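Peer 1: Take a look at the following structure, please.
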2 protein chains.
Amino acid sequence: MTHRATIDFLLNEWLDAPSLCQRDFHADHSSDTFAAVLDLSEQVASEQFAPINRLVDIEEPEFDGERVLLPPQTEDALNCFSEAGLMAASKSEALGGMQLPTVVEMASMSFFYKASVALAAYPMLTRGNANTIAAHGTPTQIEVFAKPNFAGTSFGTMCLSEPQAGSSLSDIRTKAVPDSGDWANDPLGPRYRLTGNKMWISGGEHEMGDNIVHLVLAKIPDATGQLVPGVRGISLFIVPRKLVSASGEISDIRNDVSLAGLNHKCGYRGTVNTLLNFGEGKYPVDGQAGAVGYLIGSEGKGLACMFTLMNEARIAVGLGATMLGYAGFEASLDYAKQRPQGRHASATGKDPSSPQVPIIEHTDVKRMLMAQKAISEGGLALGLYCARLVDDENTGTLDQAREAGELLEMLTPIAKSWPSECAQEANSLAIQILGGYGYTRDFPVEQYWRDNRLNMIHEGTHGIQGLDLLGRKVVMNQGAGLKLLISRVQMTVAHALDAAQATGLSTHAKALQQAWHDIAEAAQSAWATGKPDEALANATAYMQGFGHGVLAWMWLEMAIAAERSAHLPAEFRAGKRAACDYFFHHELPKIGAWLGVAARRDMTCAHATAAMF
Amino acid sequence: MTHRATIDFLLNEWLDAPSLCQRDFHADHSSDTFAAVLDLSEQVASEQFAPINRLVDIEEPEFDGERVLLPPQTEDALNCFSEAGLMAASKSEALGGMQLPTVVEMASMSFFYKASVALAAYPMLTRGNANTIAAHGTPTQIEVFAKPNFAGTSFGTMCLSEPQAGSSLSDIRTKAVPDSGDWANDPLGPRYRLTGNKMWISGGEHEMGDNIVHLVLAKIPDATGQLVPGVRGISLFIVPRKLVSASGEISDIRNDVSLAGLNHKCGYRGTVNTLLNFGEGKYPVDGQAGAVGYLIGSEGKGLACMFTLMNEARIAVGLGATMLGYAGFEASLDYAKQRPQGRHASATGKDPSSPQVPIIEHTDVKRMLMAQKAISEGGLALGLYCARLVDDENTGTLDQAREAGELLEMLTPIAKSWPSECAQEANSLAIQILGGYGYTRDFPVEQYWRDNRLNMIHEGTHGIQGLDLLGRKVVMNQGAGLKLLISRVQMTVAHALDAAQATGLSTHAKALQQAWHDIAEAAQSAWATGKPDEALANATAYMQGFGHGVLAWMWLEMAIAAERSAHLPAEFRAGKRAACDYFFHHELPKIGAWLGVAARRDMTCAHATAAMF
């Protein structure tokens, strides 16, 4: 079944996206306009992005000493994306947007992630950057910096990590000091000079568009001239690559931001990744070293502002991982239908003189396809479910918004971590189906696999997601978020049991109920001693179990929706049911091993010393 | 702890390798000669192989239209290996060997696989090729073809797959017809002319050494001129790249074997991988197209002969996968000790002004190191255990040889599949520990991960191993092999229970006993209906469960050995125990999910149709 058919199913038969048109913000939309945007997205993605996905892997960004050179097709493809109006799809008309629901915007993005995740990273980052400015910036900052990003004429980056500070952002050393002159009253915001080094900056330097808008975390020294330790010392700054006037005219004057080097990655090579030096004096402004930056939001609140972008980015990273999984699923499905190899055994063994069968007829190949289907369609469902919650947060009633916000808090670590891990495994299965061919660069699957390996690392590592889930989200507000999530799961269970006579889903419903009982109990046992080092000793394993629990819920939801969608093709519905069965039979039983170590507060790893390894 | 310390522990404290010197074949050896060979191996591997491992990844083999060009350092490194006498380490003096036990030879090889798996593939293949000729060839064939391979002056390949026939060898189309003249009485063996295409041939064409000896599977047409369908039509031929006289002089005459193309792989790039055309007429011999080949063994017994090489290659592939895991473990352990990041939480939270700690102090990093340790040291134990069984097969008593042969049959699919899958995951954890740095080509871990991805594909795919295990090995001789294996596991359990008061291993012993009860029962349930399509529908999952059962057994064995080795450093012994605990707490509980689908004969995947996907 096609990606588009699954999108339509999820939006129309499950998430009831058309009903969002009843909300004022989306009042000009209808199922038809949603479909038109999806048609256009699929077309631009398949015609402009997919054909150059291998090219941008092979022709890695290069620095000629002056400029970073990308294959020119990169900019052409991104221009098509922007010209289609997709950059600001969900934004207000005032920001140049189309006022589409986020769930439709995410569905649109899924085509681009699948076609070329490395190219899609540019709009993903640019949009996140613009959203952050739109949320926390002044009207002038929004006009001058966010709007060109939403229009796709400028690009955006997020500059958090430094060579010595990755996961530990409290240790950043980039410094921002008030600029000379009337710095506090600059129309673009309080004007500072920044010095420091930023590592792993995607899209950090290139010649595309009119400008690059960097969002930079830095520390403002206190009265004694010291940087405040910890995250409370961090502020957020807008640092444009070229200086911009208060009315938004982009000058030819380079800001003091220079390229220190390109990172040569194992995958995701179409996204240029840089080490940037801020304020080293290569491009002095007004004769003075120091990158000019404008404070956004309040002093010391930089990390909170950045988390607007970060939470959005985490869901986007998860969807990107999912769609790499989907791309591998499609490629290996196509191959499995074409490639003859081997035969079925009959009662008398195999007849070697009979013709070979396509490998899709072998059960182990079906297993590898079904696993990929369960992962990529399940991940897509989760991504769109989260996007639908963002819609409730933005345009729902107060109650809807509050609940959606709470559910998003719970689900974000899973939306990020689960596809990053599982869709990576899906990509490995795609290689396996193609065998030796899959291991060569003549087929796309090895690239998907390499590209996907980044996703457990960036925007908060896998380990960080686990700590976030078990250390913060599960316990926040006396476990209110977890309770809310479980109450939603219970609704699904009840629904499945109601419908059970017709659908035979009662076994899965009971298994899901038991799984969430175990997930809740494991959290309680992990925290039974109240000691964080014991509770969190197995946070990653806990997250794996929790993630499988969430995906099982998604699959039961989809199976119910497929069951009631009698107007859809029988094979489509049977496929959804089979993937649900697969997940409940093959995957959900794995949670016991993961939850067990968390519940027992297993300290085997925690107590190991360096000398034991 | 070092790789070498673990090797010494496994050989001396566990496998009792020195006792092999009491056997006639190894009578000239002692612990000292073993140690000298290991010293030499470690030195050559670290000085000649490791330093060029990245080079051979970057400077991929190229074809200039005439010749295949490899980085010249490749041949230099391989010469050092041969000159150290390691190619024939375990062979008789008559074959130019050192008469070392196989277990010592494998321990020696572990250093080379770790240093550069792609370079080590050349001796691995060359040795396997020579072993096959030594086992099935005539004295002249052995003299002329096997001995130069054992000396390392010639190279060997195995030519099985064809573009249309990978896993399904019965479908090969390469044809061998009797050569003109007195073909039946050629001193080198019955002389044929071969035509056909062979795919995925590692080491298939290059300019190193004096010659390349191809071992080629082909079919001899029957009386009607037809190729016999199925595997019983397959014969094995020696096809030298350059023609050789009956006295072994290598001529300048090229045989009719030509390069059709190089495969451009995702990893393992230091091993040239080729598509070869046999007999297309590019290099006619005596004015005639057709590659000259000499029959080895009997007509129609080619696959049986090739399995001499294949079983050996499967264990070697598994050890190669393990040692890639080991390489990543070492690299990430080193990094984790150096890299400062983050802090410990105290009762009052974290003090951001305190210095950062090395990341090895974080529990989740320890988890990733412990998993790598458990996988790579566990895989090494399994590889050496299998090698020790080969020694019993070769030089043990009749009873020892028979039992060893039966155990090897059971363990070979696991020795191949388990490290291929799990050490690949270990490599992913190594990347994760290095974070963004691990994802760049500035560090070695991403290459290990790419290199390792081949191992689930070559020498029998993962799926083929599962069918071999559950479809053949588990049921052979009314389950005698499985019973024998379980009786060995029971001995370990009894041993651990005996020692339990001192060691506290009784919980693990009971868990292992239960696991093997479940493994045996799952096989019985899978076959309960006697229908292969039901029994084998979940053969891969069964193999995963079985594999974890084997590795848990290895770890309990190692924990017992560490316990009794009071003369070894306390931290070394504690490390072995911790890895054992890790495996039993975190990994062994996973088998339930895998065995469950096999035991229930879950048909979710088997019953899926192509249209459902």
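Lettering and numbering for the structure tokens are positional, with chains as A, B, ... in the shown order, residues counted from 1 in each chain, and ligands counted from 1 in the shown order.
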At most 6 Å is the cut-off: for each residue in chain B with any atom that close to an atom of chain A, write down the nearest atom pair and the distance in Å rounded to one decimal, counting only C-alpha atoms, chain first then increasing number, as a tab-separated table.

Peer 2:
```
residue	atom	partner	partner_atom	distance
B:Met1	CA	A:Phe613	CA	5.8
B:Ser168	CA	A:Gly342	CA	5.3
B:Pro229	CA	A:Pro352	CA	5.3
B:Gly230	CA	A:Pro352	CA	4.8
B:His264	CA	A:Thr440	CA	5.3
B:Lys265	CA	A:Thr440	CA	4.1
B:Cys266	CA	A:Thr440	CA	5.6
B:Gly342	CA	A:Ser168	CA	5.3
B:Pro352	CA	A:Gly230	CA	4.8
B:Ser353	CA	A:Pro229	CA	5.4
B:Thr363	CA	A:Ala606	CA	4.8
B:Lys366	CA	A:Cys605	CA	5.6
B:Arg367	CA	A:Cys605	CA	5.2
B:Gly435	CA	A:Ile457	CA	5.8
B:Tyr439	CA	A:Cys266	CA	5.7
B:Thr440	CA	A:Lys265	CA	4.1
B:Arg441	CA	A:His264	CA	5.9
B:Ile457	CA	A:Gly435	CA	5.9
B:Glu571	CA	A:Met612	CA	5.2
B:Phe572	CA	A:Met612	CA	5.9
B:Gly575	CA	A:Met612	CA	4.2
B:Pro589	CA	A:Ala593	CA	5.1
B:Lys590	CA	A:Ala593	CA	5.4
B:Ala593	CA	A:Pro589	CA	5.1
B:Cys605	CA	A:Arg367	CA	5.2
B:Ala606	CA	A:Thr363	CA	4.8
B:Met612	CA	A:Gly575	CA	4.2
B:Phe613	CA	A:Met1	CA	5.7
```

Peer 1: Env of B:His206: 8 Å cut, atoms = only C-alpha atoms, seq-sep filter 6 positions within chain, self excluded. Answer as a list in words.

Peer 2: Arg67, Val68, Leu69, Leu70 and Val272 of chain B

Peer 1: Counting only C-alpha atoms, which residue out of A:Pro240, A:Gly137, A:Gly97, A:Gly225 sits closest to A:Ile212?

Peer 2: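 Of A:Pro240, A:Gly137, A:Gly97, A:Gly225, the one nearest A:Ile212, counting only C-alpha atoms, is A:Pro240.
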
Peer 1: Go ahead and compute the interatomic distance for atom CA of B:Glu66 and atom CA of B:Val144, in Å to one decimal.

Peer 2: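 Separation between atom CA of B:Glu66 and atom CA of B:Val144: 26.9 Å.
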
Peer 1: What residues in stretch 13-104 of chain B get the DSSP label strand (DSSP E)? Please answer as a PyMOL selection string.

Peer 2: chain B and resi 62-63+68-69

Peer 1: What would the file look like if the residues just selected were written as a PDB file, in the first residue's frame with all heavy atoms?

Peer 2:
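The resulting file, out.pdb, is reproduced below:
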```
ATOM      1  N   GLU B  62      40.283   0.099  -7.315  1.00  0.00           N
ATOM      2  CA  GLU B  62      39.871   0.695  -8.587  1.00  0.00           C
ATOM      3  C   GLU B  62      40.325  -0.173  -9.749  1.00  0.00           C
ATOM      4  O   GLU B  62      41.351  -0.825  -9.682  1.00  0.00           O
ATOM      5  CB  GLU B  62      40.500   2.091  -8.745  1.00  0.00           C
ATOM      6  CG  GLU B  62      39.722   3.160  -8.028  1.00  0.00           C
ATOM      7  CD  GLU B  62      40.335   4.537  -8.252  1.00  0.00           C
ATOM      8  OE1 GLU B  62      40.934   4.762  -9.330  1.00  0.00           O
ATOM      9  OE2 GLU B  62      40.219   5.362  -7.327  1.00  0.00           O
ATOM     10  N   PHE B  63      39.565  -0.117 -10.802  1.00  0.00           N
ATOM     11  CA  PHE B  63      39.912  -0.863 -12.015  1.00  0.00           C
ATOM     12  C   PHE B  63      40.309   0.161 -13.065  1.00  0.00           C
ATOM     13  O   PHE B  63      39.536   1.071 -13.382  1.00  0.00           O
ATOM     14  CB  PHE B  63      38.694  -1.666 -12.481  1.00  0.00           C
ATOM     15  CG  PHE B  63      38.961  -2.529 -13.687  1.00  0.00           C
ATOM     16  CD1 PHE B  63      40.036  -3.421 -13.706  1.00  0.00           C
ATOM     17  CD2 PHE B  63      38.141  -2.461 -14.803  1.00  0.00           C
ATOM     18  CE1 PHE B  63      40.275  -4.220 -14.818  1.00  0.00           C
ATOM     19  CE2 PHE B  63      38.374  -3.262 -15.915  1.00  0.00           C
ATOM     20  CZ  PHE B  63      39.439  -4.138 -15.923  1.00  0.00           C
ATOM     21  N   VAL B  68      43.340  -4.275 -11.460  1.00  0.00           N
ATOM     22  CA  VAL B  68      42.696  -3.790 -10.240  1.00  0.00           C
ATOM     23  C   VAL B  68      43.782  -3.223  -9.331  1.00  0.00           C
ATOM     24  O   VAL B  68      44.749  -3.910  -9.005  1.00  0.00           O
ATOM     25  CB  VAL B  68      41.946  -4.920  -9.518  1.00  0.00           C
ATOM     26  CG1 VAL B  68      41.482  -4.470  -8.140  1.00  0.00           C
ATOM     27  CG2 VAL B  68      40.761  -5.380 -10.356  1.00  0.00           C
ATOM     28  N   LEU B  69      43.609  -1.975  -8.973  1.00  0.00           N
ATOM     29  CA  LEU B  69      44.620  -1.313  -8.158  1.00  0.00           C
ATOM     30  C   LEU B  69      44.158  -1.228  -6.702  1.00  0.00           C
ATOM     31  O   LEU B  69      43.073  -0.724  -6.411  1.00  0.00           O
ATOM     32  CB  LEU B  69      44.860   0.101  -8.687  1.00  0.00           C
ATOM     33  CG  LEU B  69      45.225   0.169 -10.172  1.00  0.00           C
ATOM     34  CD1 LEU B  69      45.301   1.610 -10.650  1.00  0.00           C
ATOM     35  CD2 LEU B  69      46.552  -0.554 -10.415  1.00  0.00           C
TER      36      LEU B  69
END
```

Peer 1: Measure the distance from atom CA of A:Asn211 to atom CA of A:Ile52 in Å and round it to one decimal.

Peer 2: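 If I compute the distance from atom CA of A:Asn211 to atom CA of A:Ile52, I get 23.8 Å.
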
Peer 1: Near B:Glu377, counting only C-alpha atoms, which residues have an atom at most 8 Å away, once you skip same-chain residues fewer than 3 positions from it, shown as a CSV table (one decimal) with all heavy atoms, in the first residue's frame?

Peer 2:
```csv
chain,number,residue,atom,x,y,z
B,6,THR,N,42.3,-11.3,28.1
B,6,THR,CA,41.1,-12.1,27.9
B,6,THR,C,41.5,-13.4,27.1
B,6,THR,O,41.0,-14.5,27.5
B,6,THR,CB,40.0,-11.3,27.3
B,6,THR,OG1,39.6,-10.3,28.3
B,6,THR,CG2,38.8,-12.2,26.9
B,322,THR,N,32.7,-10.5,15.8
B,322,THR,CA,33.0,-10.3,17.2
B,322,THR,C,34.1,-9.3,17.4
B,322,THR,O,34.1,-8.4,18.2
B,322,THR,CB,33.4,-11.7,17.8
B,322,THR,OG1,32.2,-12.5,17.9
B,322,THR,CG2,34.0,-11.5,19.2
B,326,TYR,N,34.7,-5.9,19.3
B,326,TYR,CA,35.8,-5.7,20.2
B,326,TYR,C,36.5,-4.4,19.9
B,326,TYR,O,36.9,-3.6,20.8
B,326,TYR,CB,36.8,-6.9,20.2
B,326,TYR,CG,37.3,-7.2,21.5
B,326,TYR,CD1,37.0,-8.4,22.1
B,326,TYR,CD2,38.2,-6.4,22.2
B,326,TYR,CE1,37.5,-8.8,23.4
B,326,TYR,CE2,38.7,-6.7,23.4
B,326,TYR,CZ,38.4,-7.9,24.0
B,326,TYR,OH,38.9,-8.3,25.2
B,373,LYS,N,31.1,-5.2,26.1
B,373,LYS,CA,32.0,-6.2,26.7
B,373,LYS,C,31.4,-7.6,26.6
B,373,LYS,O,32.0,-8.6,26.3
B,373,LYS,CB,32.3,-5.8,28.1
B,373,LYS,CG,33.3,-6.7,28.9
B,373,LYS,CD,33.5,-6.2,30.3
B,373,LYS,CE,34.2,-7.2,31.2
B,373,LYS,NZ,35.7,-7.1,30.9
B,374,ALA,N,30.1,-7.6,27.0
B,374,ALA,CA,29.4,-8.9,27.1
B,374,ALA,C,29.3,-9.5,25.7
B,374,ALA,O,29.5,-10.7,25.5
B,374,ALA,CB,28.0,-8.7,27.7
B,380,LEU,N,33.9,-13.8,21.5
B,380,LEU,CA,35.3,-14.4,21.4
B,380,LEU,C,35.3,-15.7,22.1
B,380,LEU,O,36.0,-16.7,21.6
B,380,LEU,CB,36.3,-13.4,22.1
B,380,LEU,CG,37.8,-13.8,22.1
B,380,LEU,CD1,38.3,-14.1,20.7
B,380,LEU,CD2,38.6,-12.7,22.8
B,381,ALA,N,34.7,-15.8,23.2
B,381,ALA,CA,34.6,-17.1,23.9
B,381,ALA,C,34.0,-18.2,23.0
B,381,ALA,O,34.5,-19.3,22.9
B,381,ALA,CB,33.9,-17.0,25.3
```

Peer 1: So which one's closest to A:Ile519, A:Ser19, A:Ser245, A:Gln544, A:Thr132? Using only C-alpha atoms, please.

Peer 2: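 With only C-alpha atoms as the atom set, the closest residue is A:Gln544.
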
Peer 1: Pick from A:Tyr542, A:Phe150, A:Phe49, A:Trp418: nearest to A:Glu93, with only C-alpha atoms counted?

Peer 2: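 Ranking A:Tyr542, A:Phe150, A:Phe49, A:Trp418 by distance to A:Glu93, first place goes to A:Phe150.
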
Peer 1: Running DSSP on the backbone, which parts of stretch 26-190 of chain B land in alpha helix (DSSP H), as an NGL selection string?

Peer 2: :B and (31-44 or 53-58 or 72-83 or 102-115 or 117-136 or 139-141 or 147-151)

Peer 1: If I take atom CA of B:Asn197 and atom CA of B:Leu275, how far is one from the other in Å, to one decimal?

Peer 2: 7.1 Å

Peer 1: Might you pull out every residue within 7 Å of B:Arg269, with only C-alpha atoms counted and same-chain residues fewer than 5 positions away left off, and present them as a compact mmCIF listing (two decimals) with all heavy atoms, in the first residue's frame?

Peer 2:
```
# COMPACT_ATOMS: atom_id res chain seq x y z
N VAL B 56 42.50 1.75 3.76
CA VAL B 56 41.88 0.82 2.81
C VAL B 56 40.37 1.03 2.71
O VAL B 56 39.73 0.55 1.78
CB VAL B 56 42.21 -0.66 3.10
CG1 VAL B 56 43.72 -0.89 3.02
CG2 VAL B 56 41.65 -1.12 4.45
N ASP B 57 39.81 1.76 3.66
CA ASP B 57 38.39 2.14 3.54
C ASP B 57 38.24 3.31 2.57
O ASP B 57 37.32 3.34 1.76
CB ASP B 57 37.86 2.55 4.93
CG ASP B 57 36.40 2.98 4.90
OD1 ASP B 57 35.56 2.15 4.51
OD2 ASP B 57 36.11 4.14 5.25
N GLU B 60 39.44 2.95 -1.97
CA GLU B 60 38.74 1.76 -2.43
C GLU B 60 39.44 1.19 -3.67
O GLU B 60 40.03 1.93 -4.46
CB GLU B 60 37.33 2.20 -2.81
CG GLU B 60 36.28 1.20 -2.58
CD GLU B 60 34.91 1.83 -2.85
OE1 GLU B 60 34.84 3.02 -3.20
OE2 GLU B 60 33.94 1.11 -2.71
N ALA B 118 38.89 -6.18 6.91
CA ALA B 118 38.91 -6.25 5.45
C ALA B 118 40.23 -6.82 4.94
O ALA B 118 40.27 -7.58 3.97
CB ALA B 118 38.67 -4.87 4.84
```

Peer 1: Compile the contact shell of A:Phe112 as a list in words: residues with an atom at most 7 Å away, counting only C-alpha atoms, same-chain residues fewer than 5 positions apart removed.

Peer 2: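 The filter keeps Ala45, Phe49, Val117 and Ala120 of chain A.
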
Peer 1: Which of these, B:Gly460, B:Gly248, B:Gly530, B:Pro419, has the shortest distance to B:Val550 once you count only C-alpha atoms?

Peer 2: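 For B:Val550, the nearest of the candidates is B:Pro419.
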
Peer 1: Quick one: residues within 10 Å of B:Gly128, only C-alpha atoms, excluding same-chain residues fewer than 6 positions away - as a count of residues only?

Peer 2: 16

Peer 1: With only C-alpha atoms as the basis for distance, which of B:Leu382, B:Leu125, B:Leu389, B:Ala88 is at the shortest distance from B:Leu20?

Peer 2: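 For B:Leu20, the nearest of the given residues is B:Leu389.
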
Peer 1: Determine, counting only C-alpha atoms, which protein, DNA and RNA residues have an atom within 10 Å of an atom of B:Val493; residues of the same chain fewer than 5 positions away are not included. Present the result as a ChimeraX atom specification.

Peer 2: /B:487-488,498-500,505-506,508-513,553,556-557

Peer 1: Convert the current residue selection to file output with C-alpha atoms, as a PDB file, in the first residue's frame.

Peer 2:
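Listed below is the output, selection_7.pdb:
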```
ATOM      1  CA  SER B 487      23.933 -32.144  28.388  1.00  0.00           C
ATOM      2  CA  ARG B 488      26.984 -29.895  28.161  1.00  0.00           C
ATOM      3  CA  ASP B 498      28.274 -26.916  43.198  1.00  0.00           C
ATOM      4  CA  ALA B 499      30.316 -23.791  43.453  1.00  0.00           C
ATOM      5  CA  ALA B 500      27.341 -21.639  44.270  1.00  0.00           C
ATOM      6  CA  LEU B 505      26.062 -18.081  40.699  1.00  0.00           C
ATOM      7  CA  SER B 506      23.114 -20.294  41.539  1.00  0.00           C
ATOM      8  CA  HIS B 508      22.210 -17.642  36.966  1.00  0.00           C
ATOM      9  CA  ALA B 509      22.572 -21.413  36.875  1.00  0.00           C
ATOM     10  CA  LYS B 510      18.849 -21.858  37.422  1.00  0.00           C
ATOM     11  CA  ALA B 511      18.027 -19.228  34.837  1.00  0.00           C
ATOM     12  CA  LEU B 512      20.259 -21.004  32.316  1.00  0.00           C
ATOM     13  CA  GLN B 513      18.620 -24.324  33.054  1.00  0.00           C
ATOM     14  CA  TRP B 553      26.099 -20.553  28.768  1.00  0.00           C
ATOM     15  CA  LEU B 556      28.343 -18.729  33.047  1.00  0.00           C
ATOM     16  CA  GLU B 557      31.367 -20.807  32.001  1.00  0.00           C
TER      17      GLU B 557
END
```

Peer 1: So, counting only C-alpha atoms, which residue among B:Val239, B:Met491, B:Ala107, B:Leu470 is closest to B:Cys386?

Peer 2: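 The answer is B:Ala107, which sits nearest to B:Cys386.
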